[in-house]
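**Student:** My structure is in upload30.txt, and what it holds is compact mmCIF, C-alpha atoms and all ligand atoms:
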# COMPACT_ATOMS: atom_id res chain seq x y z
CA MET A 1 -11.28 33.77 -19.54
CA ILE A 2 -8.11 35.06 -17.83
CA PRO A 3 -5.35 35.54 -20.43
CA TRP A 4 -1.90 33.97 -20.06
CA THR A 5 0.93 36.31 -19.00
CA LEU A 6 4.51 35.67 -20.09
CA LEU A 7 6.75 35.65 -16.98
CA GLY A 8 10.08 34.65 -18.53
CA THR A 9 12.01 32.93 -21.30
CA ALA A 10 15.14 30.75 -21.22
CA ASN A 11 17.42 29.12 -23.75
CA ILE A 12 18.00 25.40 -23.23
CA PRO A 13 21.76 24.69 -23.51
CA ASN A 14 23.13 23.05 -26.70
CA ASN A 15 20.51 24.64 -28.98
CA GLY A 16 17.71 22.75 -27.25
CA GLY A 17 15.16 25.50 -28.02
CA GLU A 18 13.55 28.25 -25.99
CA LEU A 19 11.44 27.73 -22.87
CA GLU A 20 8.62 30.04 -21.85
CA LEU A 21 7.07 30.38 -18.40
CA THR A 22 3.49 31.68 -18.45
CA GLN A 23 0.88 32.22 -15.72
CA ARG A 24 -2.93 32.42 -15.73
CA ASP A 25 -4.37 33.06 -12.25
CA LYS A 26 -2.81 30.27 -10.07
CA GLU A 27 -1.92 28.07 -13.05
CA PHE A 28 1.63 27.99 -14.49
CA SER A 29 2.85 26.48 -17.75
CA ILE A 30 6.41 25.76 -18.92
CA HIS A 31 6.49 25.08 -22.64
CA LEU A 32 8.82 25.00 -25.59
CA LYS A 33 8.32 28.00 -27.82
CA GLY A 34 6.87 27.08 -31.21
CA VAL A 35 5.03 23.92 -32.06
CA ARG A 36 6.75 21.54 -29.64
CA GLY A 37 4.20 22.06 -26.89
CA GLU A 38 3.85 22.05 -23.15
CA LEU A 39 6.52 20.50 -20.93
CA MET A 40 4.62 20.98 -17.66
CA ASN A 41 1.41 22.45 -16.34
CA SER A 42 1.03 23.07 -12.61
CA ARG A 43 -2.54 21.66 -12.56
CA VAL A 44 -1.29 18.20 -13.60
CA HIS A 45 1.39 16.82 -11.31
CA CYS A 46 0.23 13.57 -9.67
CA SER A 47 2.73 11.40 -11.57
CA GLU A 48 5.59 13.79 -10.67
CA LEU A 49 4.69 13.27 -6.99
CA ALA A 50 4.38 9.50 -7.55
CA LEU A 51 7.91 9.41 -8.99
CA ALA A 52 9.29 10.48 -5.60
CA ASN A 53 6.81 8.55 -3.45
CA LEU A 54 7.45 5.27 -5.28
CA GLY A 55 11.18 5.88 -5.74
CA CYS A 56 11.70 6.66 -2.03
CA ALA A 57 9.31 4.04 -0.57
CA HIS A 58 12.26 1.78 0.39
CA ILE A 59 13.88 4.50 2.56
CA GLN A 60 10.78 5.63 4.43
CA GLY A 61 11.71 6.25 8.09
CA ILE A 62 15.43 5.63 7.49
CA GLU A 63 17.90 8.26 8.78
CA ASN A 64 20.63 10.03 6.78
CA THR A 65 19.55 9.05 3.30
CA LYS A 66 20.58 10.91 0.16
CA VAL A 67 18.37 11.36 -2.90
CA LEU A 68 19.14 12.84 -6.34
CA VAL A 69 16.32 14.42 -8.36
CA GLY A 70 17.04 14.97 -12.07
CA GLY A 71 15.05 17.92 -13.38
CA LEU A 72 13.60 20.64 -11.12
CA GLY A 73 10.72 21.67 -13.44
CA MET A 74 8.04 23.06 -11.10
CA GLY A 75 9.53 21.41 -8.01
CA PHE A 76 6.81 18.79 -7.40
CA THR A 77 9.16 15.78 -7.40
CA LEU A 78 11.69 17.63 -5.23
CA SER A 79 8.97 18.59 -2.76
CA ALA A 80 7.64 15.01 -2.59
CA ALA A 81 11.19 13.64 -2.12
CA LEU A 82 11.72 16.01 0.82
CA ASN A 83 8.40 14.90 2.32
CA ALA A 84 9.24 11.22 1.80
CA THR A 85 12.64 11.33 3.53
CA SER A 86 13.74 11.82 7.12
CA LYS A 87 14.59 15.20 8.64
CA ASN A 88 18.34 14.55 8.45
CA SER A 89 18.33 13.34 4.86
CA GLN A 90 19.63 15.32 1.89
CA VAL A 91 18.06 15.86 -1.51
CA VAL A 92 20.16 17.14 -4.43
CA VAL A 93 18.28 18.49 -7.45
CA ALA A 94 20.10 18.81 -10.78
CA GLU A 95 18.72 21.36 -13.25
CA LEU A 96 20.14 22.21 -16.65
CA VAL A 97 18.48 25.60 -17.16
CA PRO A 98 19.51 28.39 -14.73
CA GLU A 99 16.29 30.34 -15.28
CA VAL A 100 14.19 27.35 -14.13
CA ILE A 101 15.97 27.59 -10.77
CA GLU A 102 15.34 31.36 -10.63
CA TRP A 103 11.65 30.89 -11.56
CA ASN A 104 11.27 28.42 -8.67
CA LYS A 105 12.63 31.03 -6.28
CA GLY A 106 9.82 33.37 -7.41
CA PRO A 107 6.04 32.90 -7.84
CA LEU A 108 6.44 29.52 -9.60
CA GLY A 109 7.79 28.17 -6.30
CA ASP A 110 4.28 28.55 -4.79
CA CYS A 111 3.14 25.50 -6.83
CA ALA A 112 5.10 22.97 -4.77
CA GLY A 113 5.49 24.98 -1.55
CA HIS A 114 8.96 26.44 -2.30
CA PRO A 115 10.99 23.25 -1.79
CA LEU A 116 14.24 25.10 -2.59
CA ASN A 117 13.84 26.89 0.76
CA ASP A 118 14.18 23.57 2.59
CA LEU A 119 17.67 23.44 4.15
CA ARG A 120 17.93 19.75 3.15
CA ALA A 121 17.74 20.67 -0.55
CA THR A 122 20.81 21.59 -2.61
CA VAL A 123 20.96 22.51 -6.28
CA HIS A 124 23.39 21.25 -8.91
CA LEU A 125 23.21 23.62 -11.87
CA GLY A 126 24.08 21.50 -14.89
CA ASP A 127 23.39 18.20 -16.59
CA VAL A 128 22.34 15.47 -14.16
CA ALA A 129 24.64 13.09 -16.09
CA GLU A 130 27.64 14.96 -14.65
CA LEU A 131 26.77 13.46 -11.26
CA PHE A 132 27.07 9.89 -12.54
CA THR A 133 30.74 10.13 -13.52
CA ALA A 134 32.03 9.78 -9.92
CA LYS A 135 30.93 6.12 -9.83
CA GLN A 136 30.83 6.15 -6.02
CA ALA A 137 27.90 4.72 -4.05
CA THR A 138 26.29 8.02 -2.99
CA TYR A 139 22.50 7.95 -3.42
CA ASP A 140 19.71 5.83 -1.94
CA ALA A 141 17.42 6.95 -4.75
CA VAL A 142 17.89 8.63 -8.13
CA LEU A 143 14.64 10.10 -9.49
CA LEU A 144 14.81 11.09 -13.16
CA ASP A 145 12.26 13.25 -14.94
CA VAL A 146 14.27 15.14 -17.55
CA ASP A 147 12.58 13.87 -20.72
CA ASN A 148 9.29 12.48 -21.95
CA GLY A 149 10.76 9.05 -21.30
CA PRO A 150 13.74 6.87 -22.10
CA GLU A 151 13.87 7.86 -25.76
CA GLY A 152 17.66 7.89 -25.72
CA PHE A 153 17.36 4.11 -25.64
CA THR A 154 15.69 3.87 -29.05
CA HIS A 155 16.75 7.10 -30.75
CA ALA A 156 20.49 7.53 -31.15
CA ASP A 157 20.19 11.30 -31.55
CA ASN A 158 18.83 11.73 -28.00
CA ASN A 159 21.16 11.98 -25.05
CA ASN A 160 22.85 8.92 -23.65
CA LEU A 161 21.26 9.00 -20.23
CA TYR A 162 19.31 5.79 -20.86
CA SER A 163 22.07 3.83 -22.59
CA SER A 164 23.43 0.64 -21.09
CA LYS A 165 26.69 2.42 -20.22
CA SER A 166 24.87 5.25 -18.43
CA LEU A 167 22.52 2.85 -16.57
CA GLN A 168 25.57 0.99 -15.27
CA ALA A 169 27.23 4.28 -14.22
CA ILE A 170 24.04 5.28 -12.37
CA ARG A 171 24.00 1.85 -10.70
CA GLN A 172 27.51 2.53 -9.37
CA THR A 173 26.33 5.80 -7.78
CA LEU A 174 23.55 3.94 -5.91
CA ARG A 175 24.06 2.68 -2.37
CA PRO A 176 23.11 -1.00 -1.64
CA ASN A 177 19.42 -1.59 -2.50
CA GLY A 178 19.26 1.93 -3.98
CA VAL A 179 16.52 2.65 -6.51
CA LEU A 180 16.65 4.36 -9.88
CA ALA A 181 13.15 5.68 -10.67
CA ILE A 182 12.38 7.06 -14.12
CA TRP A 183 9.25 8.96 -15.22
CA SER A 184 7.98 8.16 -18.69
CA ALA A 185 5.00 9.16 -20.79
CA TRP A 186 4.85 5.61 -22.18
CA HIS A 187 5.72 2.02 -21.29
CA ASP A 188 8.48 0.33 -23.29
CA PRO A 189 9.09 -3.34 -22.33
CA LYS A 190 12.44 -3.20 -24.17
CA PHE A 191 13.65 -0.58 -21.72
CA THR A 192 12.68 -2.91 -18.84
CA THR A 193 14.84 -5.58 -20.47
CA LEU A 194 17.76 -3.16 -20.77
CA LEU A 195 17.45 -2.24 -17.07
CA LYS A 196 17.48 -5.95 -16.17
CA LYS A 197 20.58 -6.49 -18.32
CA SER A 198 22.19 -3.59 -16.42
CA ARG A 199 21.69 -5.64 -13.20
CA TYR A 200 18.63 -3.97 -11.73
CA LYS A 201 15.53 -5.67 -10.29
CA VAL A 202 12.74 -3.95 -12.21
CA GLN A 203 9.07 -3.13 -11.60
CA THR A 204 6.86 -0.69 -13.46
CA GLN A 205 3.88 1.22 -12.11
CA THR A 206 1.20 2.98 -14.10
CA VAL A 207 0.10 6.25 -12.55
CA ARG A 208 -2.50 8.78 -13.65
CA ALA A 209 -1.52 12.34 -14.45
CA HIS A 210 -4.34 13.95 -12.47
CA LYS A 211 -5.94 12.50 -9.29
CA GLY A 212 -7.09 9.14 -10.67
CA LYS A 213 -7.81 10.48 -14.15
CA GLY A 214 -6.04 11.87 -17.17
CA SER A 215 -3.14 10.34 -19.10
CA ARG A 216 -1.44 7.18 -17.89
CA HIS A 217 2.27 7.55 -17.18
CA THR A 218 4.83 4.89 -16.36
CA ILE A 219 7.30 4.91 -13.48
CA TYR A 220 10.18 2.46 -13.94
CA LEU A 221 11.50 1.32 -10.54
CA ALA A 222 14.93 -0.27 -10.91
CA GLN A 223 16.57 -1.49 -7.71
CA LYS A 224 20.28 -2.19 -7.46
CA SER A 225 20.62 -5.95 -6.99
C1 LIG B 1 9.39 17.73 -17.01
S1 LIG B 1 10.43 18.80 -16.12
C2 LIG B 1 10.57 18.05 -14.54
C3 LIG B 1 9.33 18.16 -13.73
C4 LIG B 1 9.54 17.84 -12.28
N1 LIG B 1 9.53 16.40 -12.06
C5 LIG B 1 8.49 18.48 -11.41
O1 LIG B 1 8.04 17.84 -10.45
O2 LIG B 1 8.09 19.63 -11.65
C6 LIG B 1 12.02 18.47 -16.79
C7 LIG B 1 13.10 19.37 -16.19
O3 LIG B 1 14.37 18.76 -16.43
C8 LIG B 1 15.28 19.74 -16.85
N2 LIG B 1 16.33 19.03 -17.60
C9 LIG B 1 16.27 18.54 -18.86
N3 LIG B 1 17.37 17.84 -19.16
C10 LIG B 1 18.15 17.86 -18.04
C11 LIG B 1 19.41 17.31 -17.72
N4 LIG B 1 20.08 16.56 -18.61
N5 LIG B 1 19.94 17.53 -16.49
C12 LIG B 1 19.24 18.26 -15.58
N6 LIG B 1 18.04 18.83 -15.84
C13 LIG B 1 17.49 18.62 -17.05
C14 LIG B 1 14.43 20.72 -17.65
O4 LIG B 1 15.04 21.99 -17.77
C15 LIG B 1 13.15 20.75 -16.81
O5 LIG B 1 13.24 21.72 -15.80
For this file, write the structure as structure tokens.
**Tutor:**
Amino acid sequence: MIPWTLLGTANIPNNGGELELTQRDKEFSIHLKGVRGELMNSRVHCSELALANLGCAHIQGIENTKVLVGGLGMGFTLSAALNATSKNSQVVVAELVPEVIEWNKGPLGDCAGHPLNDLRATVHLGDVAELFTAKQATYDAVLLDVDNGPEGFTHADNNNLYSSKSLQAIRQTLRPNGVLAIWSAWHDPKFTTLLKKSRYKVQTQTVRAHKGKGSRHTIYLAQKS
């Protein structure tokens, strides 16, 4: 068995813990140090691709679109968003942890084909929520995968990204018919209701973590109505 090699560590802002990047042959893992477990493994990324493919389906073949990806991780969603949009479209990726961006410029970038090298991709270093304060119709799709799911909705101590106020701010940054797509490890019908109350048309899709097998994840697809 090939042993894991530690490639780097990073502190998550606001005392969020310490991230570790490890590699074993062609497999990479990003995990929280200690007992809190794995955030991402490069072998399992089908639902990260589905987030972009489903969230950008309405702009397939359309020129000059703009997409925001929240959370770079291993770059799979960013890569799929670039593949799903036209050659003159732009994709902004917001990432909280500077080292994650640096890791993607190195060997970790091999996982998703180095999407940061695509001239259509730009990086916002910081909290994705900062991009929702402008309240101007900017994006055709906002693809969020920054958490395990919309926990902020049920747990007050989590960030406010999934609150009613935030969902309405995101709605204002969407262009007409724009879609907010959110990756979640579980399905919560109450979150669907909250999205509807925030004036989105909502669908959910169940997707498998690994080529038709593995864990079932939920993609919330909320279209500006
Ligand atoms: C599960 S990973 C994303 C995986 C990504 N979809 C992919 O395809 O590899 C979550 C990422 O979001 C970042 N993140 C967490 N909270 C964030 C925030 N509020 N704003 C921007 N990035 C955030 C984390 O540092 C991590 O890189």
**Student:** Residues within 7 Å of ligand LIG 1 (chain B) (only C-alpha atoms and all ligand atoms), as a PyMOL selection string?
**Tutor:** chain A and resi 39-40+45+48-49+70-78+94-97+100+126-129+145-147
**Student:** Restricting the calculation to all atoms listed in the file: of A:Lys66, A:Met1, A:Ile12, A:Thr193, which residue gets closest to A:Ala121?
**Tutor:**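 Of A:Lys66, A:Met1, A:Ile12, A:Thr193, the one nearest A:Ala121 is A:Lys66, counting all atoms listed in the file.
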**Student:** Would you please work out which residue, of A:Gln203, A:Gln172, A:Asn104, A:Asn14, is nearest to A:Leu54 when using all atoms listed in the file?
**Tutor:** A:Gln203
**Student:** Please list as a ChimeraX atom specification every residue within 12 Å of A:Pro176, counting only C-alpha atoms and excluding residues in the same chain fewer than 4 positions away.
**Tutor:** /A:58-59,65,136-141,171-172,180,200,223-225
**Student:** Pull C-alpha atoms from the residues just selected and write them as a PDB file, in the coordinates of the input.
**Tutor:**
ATOM      1  CA  HIS A  58      12.260   1.780   0.390  1.00  0.00           C
ATOM      2  CA  ILE A  59      13.880   4.500   2.560  1.00  0.00           C
ATOM      3  CA  THR A  65      19.550   9.050   3.300  1.00  0.00           C
ATOM      4  CA  GLN A 136      30.830   6.150  -6.020  1.00  0.00           C
ATOM      5  CA  ALA A 137      27.900   4.720  -4.050  1.00  0.00           C
ATOM      6  CA  THR A 138      26.290   8.020  -2.990  1.00  0.00           C
ATOM      7  CA  TYR A 139      22.500   7.950  -3.420  1.00  0.00           C
ATOM      8  CA  ASP A 140      19.710   5.830  -1.940  1.00  0.00           C
ATOM      9  CA  ALA A 141      17.420   6.950  -4.750  1.00  0.00           C
ATOM     10  CA  ARG A 171      24.000   1.850 -10.700  1.00  0.00           C
ATOM     11  CA  GLN A 172      27.510   2.530  -9.370  1.00  0.00           C
ATOM     12  CA  LEU A 180      16.650   4.360  -9.880  1.00  0.00           C
ATOM     13  CA  TYR A 200      18.630  -3.970 -11.730  1.00  0.00           C
ATOM     14  CA  GLN A 223      16.570  -1.490  -7.710  1.00  0.00           C
ATOM     15  CA  LYS A 224      20.280  -2.190  -7.460  1.00  0.00           C
ATOM     16  CA  SER A 225      20.620  -5.950  -6.990  1.00  0.00           C
TER      17      SER A 225
END
**Student:** Distance cut-off 7 Å, centre (9.8, 29.3, -19.1) in file coordinates, counting only C-alpha atoms: which residues qualify? Return them as a PDB file with C-alpha atoms, in the frame of the given file.
**Tutor:**
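File out-v1.pdb, as written:
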ATOM      1  CA  GLY A   8      10.080  34.650 -18.530  1.00  0.00           C
ATOM      2  CA  THR A   9      12.010  32.930 -21.300  1.00  0.00           C
ATOM      3  CA  ALA A  10      15.140  30.750 -21.220  1.00  0.00           C
ATOM      4  CA  LEU A  19      11.440  27.730 -22.870  1.00  0.00           C
ATOM      5  CA  GLU A  20       8.620  30.040 -21.850  1.00  0.00           C
ATOM      6  CA  LEU A  21       7.070  30.380 -18.400  1.00  0.00           C
ATOM      7  CA  THR A  22       3.490  31.680 -18.450  1.00  0.00           C
ATOM      8  CA  ILE A  30       6.410  25.760 -18.920  1.00  0.00           C
ATOM      9  CA  HIS A  31       6.490  25.080 -22.640  1.00  0.00           C
ATOM     10  CA  VAL A 100      14.190  27.350 -14.130  1.00  0.00           C
TER      11      VAL A 100
END
**Student:** Which is closer to A:Phe28 than all the others in A:Asn64, A:Trp103, A:Asn83, A:Val92, using all atoms listed in the file?
**Tutor:** A:Trp103
**Student:** Between atom CA of A:Thr122 and atom CA of A:Ser86, what is the distance, to one decimal in Å?
**Tutor:**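 Separating atom CA of A:Thr122 from atom CA of A:Ser86 is a distance of 15.5 Å.
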**Student:** In Å, with one decimal, what is the gap from atom CA of A:Glu130 to atom CA of A:Leu161?
**Tutor:** 10.4 Å
**Student:** I want to know what sits within 8 Å of stretch 166-170 of chain A, based on all atoms listed in the file, with residues of the same chain fewer than 6 positions away left out; could you give that as a ChimeraX atom specification?
**Tutor:** /A:132-133,135,160,180,195,198-199
**Student:** Rounded to one decimal place, report the atom CA of A:Asn148-atom CA of A:Ile2 distance in Å.
**Tutor:**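 Going from atom CA of A:Asn148 over to atom CA of A:Ile2 covers 28.8 Å.
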**Student:** Could you list, as a list in words, every residue within 9 Å of A:Leu143, counting only C-alpha atoms and ignoring same-chain residues fewer than 4 positions away?
**Tutor:** Leu51, Ala52, Gly55, Cys56, Val67, Leu68, Val69, Gly70, Gly71, Thr77, Ala81, Val179, Leu180, Ala181, Ile182 and Trp183 of chain A
**Student:** Edge lengths and centre in Å to one decimal, as lines of an AutoDock Vina configuration file, of the axis-aligned box that encloses all listed atoms of stretch 198-217 of chain A with 5 Å added on every side?
**Tutor:**
center_x = 7.2
center_y = 4.1
center_z = -14.2
size_x = 40.0
size_y = 29.6
size_z = 19.8
**Student:** Check the smallest atom-to-atom distance from each of A:Arg24, A:His114, A:Lys213, A:Lys87 to A:Glu63 using only C-alpha atoms, then report the winner.
**Tutor:**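 Distance minimum relative to A:Glu63 lands on A:Lys87.
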**Student:** With distances taken over only C-alpha atoms, which residue among A:Ser79, A:Ser29, A:Asn11, A:Ser47 lies nearest A:Thr206?
**Tutor:**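 When distances to A:Thr206 are compared using only C-alpha atoms, the smallest one comes from A:Ser47.
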**Student:** Smallest atom-to-atom distance to A:Ser163: which of A:Lys105, A:His217, A:Lys211, A:Lys197, using all atoms listed in the file?
**Tutor:**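 Looking only at the distances to A:Ser163, the closest residue turns out to be A:Lys197.
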